[in-house]
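Below is the file entry_9.txt, which contains compact mmCIF, N, CA and C atoms.
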```
# COMPACT_ATOMS: atom_id res chain seq x y z
N MET A 9 92.48 0.55 -126.71
CA MET A 9 91.81 0.42 -125.43
C MET A 9 92.44 -0.70 -124.59
N ASN A 10 92.87 -1.76 -125.24
CA ASN A 10 93.50 -2.88 -124.57
C ASN A 10 94.82 -2.46 -123.92
N HIS A 11 95.58 -1.58 -124.60
CA HIS A 11 96.86 -1.11 -124.07
C HIS A 11 96.64 -0.27 -122.80
N ILE A 12 95.57 0.51 -122.79
CA ILE A 12 95.28 1.36 -121.63
C ILE A 12 94.93 0.48 -120.42
N GLU A 13 94.15 -0.58 -120.65
CA GLU A 13 93.81 -1.50 -119.57
C GLU A 13 95.06 -2.18 -119.02
N THR A 14 95.96 -2.58 -119.90
CA THR A 14 97.21 -3.20 -119.48
C THR A 14 98.06 -2.22 -118.69
N LEU A 15 98.13 -0.99 -119.17
CA LEU A 15 98.90 0.06 -118.49
C LEU A 15 98.33 0.33 -117.10
N VAL A 16 97.03 0.42 -116.98
CA VAL A 16 96.39 0.66 -115.69
C VAL A 16 96.63 -0.53 -114.76
N SER A 17 96.56 -1.73 -115.30
CA SER A 17 96.80 -2.93 -114.50
C SER A 17 98.24 -2.96 -113.98
N LYS A 18 99.19 -2.65 -114.85
CA LYS A 18 100.61 -2.62 -114.45
C LYS A 18 100.86 -1.53 -113.41
N ALA A 19 100.21 -0.38 -113.57
CA ALA A 19 100.37 0.72 -112.62
C ALA A 19 99.81 0.31 -111.25
N GLY A 20 98.70 -0.40 -111.24
CA GLY A 20 98.13 -0.90 -109.98
C GLY A 20 99.05 -1.89 -109.30
N GLU A 21 99.65 -2.80 -110.08
CA GLU A 21 100.59 -3.77 -109.53
C GLU A 21 101.82 -3.07 -108.96
N LEU A 22 102.30 -2.06 -109.69
CA LEU A 22 103.46 -1.29 -109.22
C LEU A 22 103.15 -0.58 -107.91
N ALA A 23 101.97 0.00 -107.79
CA ALA A 23 101.57 0.69 -106.56
C ALA A 23 101.47 -0.31 -105.40
N ASP A 24 100.91 -1.48 -105.67
CA ASP A 24 100.81 -2.50 -104.63
C ASP A 24 102.20 -2.96 -104.19
N THR A 25 103.09 -3.14 -105.15
CA THR A 25 104.45 -3.57 -104.83
C THR A 25 105.18 -2.50 -104.01
N LYS A 26 105.03 -1.24 -104.39
CA LYS A 26 105.65 -0.13 -103.64
C LYS A 26 105.11 -0.08 -102.22
N ALA A 27 103.79 -0.24 -102.05
CA ALA A 27 103.18 -0.20 -100.72
C ALA A 27 103.71 -1.35 -99.87
N GLU A 28 103.81 -2.52 -100.45
CA GLU A 28 104.33 -3.68 -99.72
C GLU A 28 105.79 -3.47 -99.33
N MET A 29 106.58 -2.88 -100.23
CA MET A 29 107.98 -2.60 -99.95
C MET A 29 108.11 -1.59 -98.80
N LEU A 30 107.27 -0.56 -98.78
CA LEU A 30 107.30 0.41 -97.69
C LEU A 30 106.92 -0.23 -96.36
N LYS A 31 105.94 -1.13 -96.38
CA LYS A 31 105.56 -1.84 -95.16
C LYS A 31 106.73 -2.67 -94.64
N LEU A 32 107.40 -3.39 -95.53
CA LEU A 32 108.52 -4.23 -95.12
C LEU A 32 109.68 -3.39 -94.58
N LYS A 33 109.93 -2.24 -95.20
CA LYS A 33 110.98 -1.35 -94.70
C LYS A 33 110.64 -0.85 -93.30
N ALA A 34 109.38 -0.47 -93.10
CA ALA A 34 108.95 0.03 -91.80
C ALA A 34 109.08 -1.05 -90.74
N VAL A 35 108.66 -2.26 -91.07
CA VAL A 35 108.76 -3.38 -90.13
C VAL A 35 110.22 -3.65 -89.80
N GLY A 36 111.08 -3.61 -90.80
CA GLY A 36 112.51 -3.84 -90.58
C GLY A 36 113.12 -2.79 -89.66
N LYS A 37 112.79 -1.54 -89.88
CA LYS A 37 113.32 -0.46 -89.05
C LYS A 37 112.80 -0.54 -87.62
N ILE A 38 111.51 -0.84 -87.48
CA ILE A 38 110.93 -0.96 -86.15
C ILE A 38 111.56 -2.13 -85.40
N SER A 39 111.72 -3.27 -86.07
CA SER A 39 112.30 -4.43 -85.40
C SER A 39 113.77 -4.17 -85.02
N GLU A 40 114.50 -3.48 -85.87
CA GLU A 40 115.89 -3.15 -85.56
C GLU A 40 115.95 -2.21 -84.36
N THR A 41 115.07 -1.23 -84.32
CA THR A 41 115.04 -0.27 -83.21
C THR A 41 114.65 -0.96 -81.91
N VAL A 42 113.64 -1.80 -81.95
CA VAL A 42 113.19 -2.50 -80.74
C VAL A 42 114.28 -3.44 -80.24
N SER A 43 114.94 -4.16 -81.14
CA SER A 43 115.99 -5.08 -80.70
C SER A 43 117.17 -4.30 -80.10
N SER A 44 117.51 -3.16 -80.68
CA SER A 44 118.58 -2.34 -80.11
C SER A 44 118.17 -1.82 -78.74
N LEU A 45 116.91 -1.46 -78.59
CA LEU A 45 116.42 -0.97 -77.31
C LEU A 45 116.46 -2.08 -76.26
N ILE A 46 116.10 -3.29 -76.63
CA ILE A 46 116.13 -4.41 -75.69
C ILE A 46 117.56 -4.71 -75.26
N VAL A 47 118.50 -4.68 -76.19
CA VAL A 47 119.91 -4.89 -75.85
C VAL A 47 120.39 -3.80 -74.91
N SER A 48 120.03 -2.56 -75.20
CA SER A 48 120.44 -1.44 -74.35
C SER A 48 119.86 -1.57 -72.95
N ILE A 49 118.60 -1.96 -72.84
CA ILE A 49 117.97 -2.15 -71.53
C ILE A 49 118.67 -3.27 -70.77
N SER A 50 119.03 -4.35 -71.45
CA SER A 50 119.74 -5.45 -70.80
C SER A 50 121.09 -5.00 -70.25
N ILE A 51 121.80 -4.21 -71.04
CA ILE A 51 123.10 -3.71 -70.60
C ILE A 51 122.92 -2.78 -69.40
N VAL A 52 121.93 -1.91 -69.45
CA VAL A 52 121.68 -0.99 -68.33
C VAL A 52 121.33 -1.77 -67.07
N LEU A 53 120.52 -2.81 -67.19
CA LEU A 53 120.18 -3.62 -66.02
C LEU A 53 121.40 -4.28 -65.41
N CYS A 54 122.30 -4.80 -66.24
CA CYS A 54 123.53 -5.39 -65.74
C CYS A 54 124.40 -4.35 -65.03
N ILE A 55 124.48 -3.17 -65.60
CA ILE A 55 125.27 -2.10 -64.99
C ILE A 55 124.65 -1.68 -63.66
N VAL A 56 123.33 -1.56 -63.61
CA VAL A 56 122.65 -1.18 -62.36
C VAL A 56 122.90 -2.23 -61.28
N LEU A 57 122.84 -3.50 -61.65
CA LEU A 57 123.11 -4.56 -60.69
C LEU A 57 124.54 -4.48 -60.18
N ALA A 58 125.49 -4.27 -61.07
CA ALA A 58 126.90 -4.16 -60.67
C ALA A 58 127.11 -2.94 -59.76
N ILE A 59 126.51 -1.81 -60.12
CA ILE A 59 126.66 -0.60 -59.28
C ILE A 59 126.03 -0.82 -57.91
N THR A 60 124.92 -1.53 -57.85
CA THR A 60 124.28 -1.81 -56.56
C THR A 60 125.19 -2.64 -55.67
N ILE A 61 125.77 -3.69 -56.22
CA ILE A 61 126.66 -4.54 -55.44
C ILE A 61 127.91 -3.78 -55.01
N ILE A 62 128.48 -3.00 -55.92
CA ILE A 62 129.66 -2.20 -55.60
C ILE A 62 129.32 -1.16 -54.54
N SER A 63 128.13 -0.58 -54.61
CA SER A 63 127.71 0.41 -53.62
C SER A 63 127.61 -0.19 -52.22
N PHE A 64 127.03 -1.38 -52.13
CA PHE A 64 126.97 -2.05 -50.83
C PHE A 64 128.37 -2.32 -50.29
N GLY A 65 129.23 -2.81 -51.16
CA GLY A 65 130.61 -3.07 -50.74
C GLY A 65 131.32 -1.80 -50.30
N ALA A 66 131.16 -0.72 -51.05
CA ALA A 66 131.80 0.55 -50.70
C ALA A 66 131.24 1.09 -49.39
N ALA A 67 129.93 0.99 -49.21
CA ALA A 67 129.32 1.48 -47.97
C ALA A 67 129.84 0.71 -46.77
N LEU A 68 129.92 -0.60 -46.90
CA LEU A 68 130.44 -1.42 -45.80
C LEU A 68 131.91 -1.11 -45.54
N TRP A 69 132.69 -0.97 -46.60
CA TRP A 69 134.12 -0.69 -46.46
C TRP A 69 134.34 0.65 -45.78
N ILE A 70 133.65 1.69 -46.25
CA ILE A 70 133.76 3.02 -45.64
C ILE A 70 133.28 2.97 -44.19
N GLY A 71 132.19 2.28 -43.95
CA GLY A 71 131.64 2.18 -42.60
C GLY A 71 132.60 1.51 -41.64
N TYR A 72 133.20 0.40 -42.07
CA TYR A 72 134.16 -0.28 -41.21
C TYR A 72 135.40 0.58 -40.98
N ALA A 73 135.81 1.32 -42.01
CA ALA A 73 136.98 2.20 -41.87
C ALA A 73 136.70 3.34 -40.88
N MET A 74 135.44 3.79 -40.84
CA MET A 74 135.07 4.88 -39.94
C MET A 74 134.62 4.38 -38.57
N GLY A 75 134.46 3.08 -38.43
CA GLY A 75 134.04 2.52 -37.16
C GLY A 75 132.53 2.50 -36.97
N ASN A 76 131.76 2.89 -38.00
CA ASN A 76 130.31 2.89 -37.91
C ASN A 76 129.74 2.61 -39.30
N VAL A 77 129.14 1.44 -39.44
CA VAL A 77 128.67 1.00 -40.76
C VAL A 77 127.62 1.95 -41.32
N SER A 78 126.76 2.49 -40.49
CA SER A 78 125.70 3.36 -40.99
C SER A 78 126.27 4.63 -41.62
N LYS A 79 127.41 5.12 -41.12
CA LYS A 79 128.04 6.30 -41.73
C LYS A 79 128.47 6.00 -43.17
N GLY A 80 128.94 4.80 -43.41
CA GLY A 80 129.32 4.41 -44.76
C GLY A 80 128.14 4.45 -45.72
N PHE A 81 126.99 3.96 -45.26
CA PHE A 81 125.80 3.99 -46.10
C PHE A 81 125.31 5.42 -46.34
N PHE A 82 125.43 6.27 -45.32
CA PHE A 82 125.04 7.67 -45.50
C PHE A 82 125.97 8.38 -46.49
N ILE A 83 127.24 8.09 -46.43
CA ILE A 83 128.19 8.71 -47.37
C ILE A 83 127.90 8.26 -48.80
N VAL A 84 127.70 6.97 -48.99
CA VAL A 84 127.39 6.47 -50.33
C VAL A 84 126.05 7.03 -50.81
N GLY A 85 125.08 7.12 -49.91
CA GLY A 85 123.79 7.71 -50.27
C GLY A 85 123.92 9.17 -50.66
N ALA A 86 124.75 9.90 -49.94
CA ALA A 86 124.98 11.32 -50.28
C ALA A 86 125.65 11.44 -51.65
N PHE A 87 126.59 10.54 -51.94
CA PHE A 87 127.24 10.54 -53.26
C PHE A 87 126.19 10.37 -54.37
N TYR A 88 125.27 9.41 -54.17
CA TYR A 88 124.25 9.19 -55.19
C TYR A 88 123.26 10.34 -55.27
N LEU A 89 123.01 11.00 -54.17
CA LEU A 89 122.15 12.19 -54.18
C LEU A 89 122.78 13.29 -55.03
N VAL A 90 124.05 13.54 -54.83
CA VAL A 90 124.76 14.56 -55.62
C VAL A 90 124.80 14.14 -57.10
N ALA A 91 125.09 12.87 -57.35
CA ALA A 91 125.11 12.39 -58.73
C ALA A 91 123.73 12.53 -59.37
N GLY A 92 122.67 12.22 -58.62
CA GLY A 92 121.31 12.36 -59.13
C GLY A 92 120.96 13.80 -59.46
N ILE A 93 121.43 14.73 -58.64
CA ILE A 93 121.19 16.15 -58.91
C ILE A 93 121.88 16.56 -60.21
N PHE A 94 123.12 16.11 -60.39
CA PHE A 94 123.83 16.43 -61.64
C PHE A 94 123.12 15.84 -62.85
N VAL A 95 122.68 14.60 -62.74
CA VAL A 95 121.97 13.97 -63.86
C VAL A 95 120.68 14.73 -64.14
N TYR A 96 119.97 15.15 -63.10
CA TYR A 96 118.74 15.92 -63.31
C TYR A 96 119.03 17.25 -63.99
N LEU A 97 120.08 17.93 -63.55
CA LEU A 97 120.40 19.23 -64.14
C LEU A 97 120.82 19.12 -65.61
N PHE A 98 121.52 18.06 -65.95
CA PHE A 98 122.02 17.89 -67.31
C PHE A 98 121.28 16.80 -68.08
N ARG A 99 120.03 16.52 -67.69
CA ARG A 99 119.28 15.42 -68.31
C ARG A 99 119.06 15.61 -69.80
N LYS A 100 118.87 16.84 -70.24
CA LYS A 100 118.62 17.06 -71.67
C LYS A 100 119.87 16.79 -72.49
N THR A 101 121.02 17.30 -72.05
CA THR A 101 122.24 17.14 -72.83
C THR A 101 122.85 15.75 -72.68
N TRP A 102 122.68 15.11 -71.52
CA TRP A 102 123.29 13.80 -71.29
C TRP A 102 122.41 12.64 -71.69
N ILE A 103 121.08 12.81 -71.61
CA ILE A 103 120.19 11.66 -71.83
C ILE A 103 119.22 11.91 -72.98
N LYS A 104 118.43 12.98 -72.90
CA LYS A 104 117.33 13.18 -73.85
C LYS A 104 117.82 13.36 -75.28
N ILE A 105 118.73 14.28 -75.50
CA ILE A 105 119.20 14.56 -76.87
C ILE A 105 119.93 13.36 -77.48
N PRO A 106 120.89 12.72 -76.76
CA PRO A 106 121.53 11.54 -77.35
C PRO A 106 120.56 10.39 -77.63
N LEU A 107 119.59 10.19 -76.74
CA LEU A 107 118.62 9.11 -76.96
C LEU A 107 117.73 9.42 -78.15
N ASN A 108 117.28 10.66 -78.28
CA ASN A 108 116.49 11.06 -79.45
C ASN A 108 117.29 10.87 -80.73
N ASN A 109 118.54 11.29 -80.72
CA ASN A 109 119.39 11.15 -81.92
C ASN A 109 119.60 9.68 -82.27
N LEU A 110 119.79 8.84 -81.26
CA LEU A 110 119.99 7.42 -81.51
C LEU A 110 118.74 6.80 -82.15
N LEU A 111 117.57 7.10 -81.60
CA LEU A 111 116.33 6.55 -82.17
C LEU A 111 116.08 7.07 -83.57
N ILE A 112 116.33 8.36 -83.82
CA ILE A 112 116.14 8.92 -85.15
C ILE A 112 117.10 8.27 -86.14
N ASP A 113 118.36 8.09 -85.74
CA ASP A 113 119.34 7.44 -86.61
C ASP A 113 118.91 6.02 -86.95
N LYS A 114 118.40 5.29 -85.95
CA LYS A 114 117.97 3.90 -86.20
C LYS A 114 116.77 3.86 -87.15
N LEU A 115 115.86 4.81 -87.02
CA LEU A 115 114.65 4.79 -87.84
C LEU A 115 114.90 5.31 -89.26
N ILE A 116 115.84 6.24 -89.42
CA ILE A 116 116.07 6.85 -90.73
C ILE A 116 117.14 6.11 -91.54
N LYS A 117 118.08 5.48 -90.85
CA LYS A 117 119.20 4.81 -91.52
C LYS A 117 118.70 3.78 -92.53
N ASP A 118 119.28 3.79 -93.71
CA ASP A 118 118.89 2.82 -94.75
C ASP A 118 119.69 1.55 -94.66
```
Could you rewrite the structure in this file as structure tokens?
Amino acid sequence: MNHIETLVSKAGELADTKAEMLKLKAVGKISETVSSLIVSISIVLCIVLAITIISFGAALWIGYAMGNVSKGFFIVGAFYLVAGIFVYLFRKTWIKIPLNNLLIDKLIKD
């Protein structure tokens, strides 16, 4: 009877240890995913800022070349409209699927 109590006690300790290990793995994966997401957001913000500044410069440059600054802004705006349409049309293949795959890889990777 004493051996059975010891065996049950050891099995309980093993279950507790396994549960704690799973919690730690989950926390590790979540923290890795969140940190990667924060880095990615930071990079995207820097790129957006750079594109904004370049866009203003291009609009002014085109406008001065055409003799009317507002035409430059309209041309740059039209370029972004066309680019936005392409991104919308291909959003699943360019954004959704790669982002899903990246998150799944981060969460499943050992």
Exercise for review: For atom C of A:Ile62 and atom CA of A:Val84, determine how far apart the two atoms are, in Å to one decimal place.
Suggested key: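 Between atom C of A:Ile62 and atom CA of A:Val84 the gap works out to 8.9 Å.
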Review point. Counting only C-alpha atoms, what is within 10 Å of A:Leu111, bar same-chain residues fewer than 6 positions away, as number ranges by chain?
Key: A: 41-42, 44-45, 117
Check your understanding: So how many Å separate atom CA of A:Asp113 and atom CA of A:Leu30, to one decimal?
Key ->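 Computed distance, atom CA of A:Asp113 to atom CA of A:Leu30, equals 17.8 Å.
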Practice item. State, in Å with one decimal place, the distance from atom C of A:Leu15 to atom C of A:Leu32. Key: 25.5 Å
